[in-house]
Amino acid sequence: MKDVIKTEELTIPDDVEVTVKSRLITVKGPRGTLSKNVRHIDMDIRLLDGKDKKVTLAVWQGGRKHVACLRTIKSLIVNMITGVTKGFQYKMRAVYAHFPINCIIQEDGAAVEIRNFLGEKIVRHVNMLDGVTVAESKSQKDELILIGNDIQNVSQSAASIQGVCRVRNKDIRKFLDGIYVSEKGTIVQA
């Protein structure tokens, strides 16, 4: 069943500037600029200037999967707006039973080196993605804090750290060692 038209709309805050040019969305805010290319999705994206600025998204003659893209793009823009106003912060905790995992921040927070995972001699190295910095927590032992404006880069960097510390050839119900995401939030707390 195809609908003639389906629309979504979202309001833009005052301190944020959004520009759309042939489905290339750019969001400018106090923390910086983010841009995303959504040309792979066939959709009308319009800016409405009035009392309060709005972005309207419309899909014409769309099937179920095509209409689902509306909410996806809306969420992308909302996350970009949150990123340039508040920023994103992920906290990760090192969990170990016996061998203490040693995390060393390198290149001023652009990379992290993980040593002594399960007592292994191998050194694991993870580079952060663009705009993501990693730091050790001052208040909590064995905690890493990842901060950045782009939620996709922050979460992918966290996933890369977690993924490099997978336990192999052992019972994962017993060997729970690793570095896991413990908290997700924004840098500027509301």
# chains A, B, ... in the order shown; residues from 1 in each chain; ligands from 1
call {"tool": "residues_around", "arguments": {"residues": "A:Glu113", "least_positions_apart": "5", "cutoff": "6 Å", "atoms": "only C-alpha atoms", "output": "list in words"}}
result
Cys103, Ile104, Arg124 and His125 of chain A
call {"tool": "write_last_selection", "arguments": {"atoms": "all heavy atoms", "output": "PDB file, in the first residue's frame"}}
result
ATOM      1  N   CYS A 103      45.096   0.659  30.047  1.00  0.00           N
ATOM      2  CA  CYS A 103      44.745   1.514  28.901  1.00  0.00           C
ATOM      3  C   CYS A 103      45.634   2.742  28.904  1.00  0.00           C
ATOM      4  O   CYS A 103      45.693   3.469  29.893  1.00  0.00           O
ATOM      5  CB  CYS A 103      43.281   1.942  28.976  1.00  0.00           C
ATOM      6  SG  CYS A 103      42.143   0.576  28.896  1.00  0.00           S
ATOM      7  N   ILE A 104      46.316   2.977  27.790  1.00  0.00           N
ATOM      8  CA  ILE A 104      47.214   4.123  27.675  1.00  0.00           C
ATOM      9  C   ILE A 104      46.698   5.025  26.554  1.00  0.00           C
ATOM     10  O   ILE A 104      46.532   4.579  25.416  1.00  0.00           O
ATOM     11  CB  ILE A 104      48.654   3.653  27.379  1.00  0.00           C
ATOM     12  CG1 ILE A 104      49.141   2.723  28.488  1.00  0.00           C
ATOM     13  CG2 ILE A 104      49.588   4.839  27.237  1.00  0.00           C
ATOM     14  CD1 ILE A 104      50.182   1.736  28.056  1.00  0.00           C
ATOM     15  N   ARG A 124      47.158  -4.093  21.919  1.00  0.00           N
ATOM     16  CA  ARG A 124      46.042  -3.715  21.037  1.00  0.00           C
ATOM     17  C   ARG A 124      46.037  -2.201  20.874  1.00  0.00           C
ATOM     18  O   ARG A 124      46.147  -1.474  21.851  1.00  0.00           O
ATOM     19  CB  ARG A 124      44.718  -4.189  21.630  1.00  0.00           C
ATOM     20  CG  ARG A 124      44.579  -5.688  21.623  1.00  0.00           C
ATOM     21  CD  ARG A 124      43.474  -6.125  22.572  1.00  0.00           C
ATOM     22  NE  ARG A 124      43.117  -7.511  22.368  1.00  0.00           N
ATOM     23  CZ  ARG A 124      43.786  -8.539  22.876  1.00  0.00           C
ATOM     24  NH1 ARG A 124      44.851  -8.314  23.630  1.00  0.00           N
ATOM     25  NH2 ARG A 124      43.400  -9.779  22.646  1.00  0.00           N
ATOM     26  N   HIS A 125      45.852  -1.748  19.623  1.00  0.00           N
ATOM     27  CA  HIS A 125      45.898  -0.311  19.319  1.00  0.00           C
ATOM     28  C   HIS A 125      44.614   0.083  18.600  1.00  0.00           C
ATOM     29  O   HIS A 125      44.240  -0.554  17.616  1.00  0.00           O
ATOM     30  CB  HIS A 125      47.122  -0.019  18.435  1.00  0.00           C
ATOM     31  CG  HIS A 125      47.407   1.434  18.285  1.00  0.00           C
ATOM     32  ND1 HIS A 125      48.099   2.153  19.230  1.00  0.00           N
ATOM     33  CD2 HIS A 125      47.074   2.304  17.301  1.00  0.00           C
ATOM     34  CE1 HIS A 125      48.186   3.415  18.825  1.00  0.00           C
ATOM     35  NE2 HIS A 125      47.570   3.535  17.659  1.00  0.00           N
TER      36      HIS A 125
END
call {"tool": "residues_around", "arguments": {"residues": "A:Ile179", "least_positions_apart": "5", "cutoff": "10 Å", "atoms": "only C-alpha atoms", "output": "VMD selection string"}}
result
chain A and resid 92 to 96 101 103 114 117 142 to 144 158 to 159 161 to 166
call {"tool": "residues_around", "arguments": {"residues": "stretch 10-14 of chain A", "least_positions_apart": "4", "cutoff": "9 Å", "atoms": "only C-alpha atoms", "output": "ChimeraX atom specification"}}
result
/A:18,52-57,74,77-78,81
call {"tool": "select_by_dssp", "arguments": {"residues": "chain A", "states": "alpha helix (DSSP H)", "output": "PyMOL selection string"}}
result
chain A and resi 64-85+151-164
call {"tool": "select_by_dssp", "arguments": {"residues": "chain A", "states": "strand (DSSP E or B)", "output": "PyMOL selection string"}}
result
chain A and resi 3-11+17-21+24-29+32-37+44-48+54-62+88-95+102-106+111-115+124-127+133-136+143-148+178-186
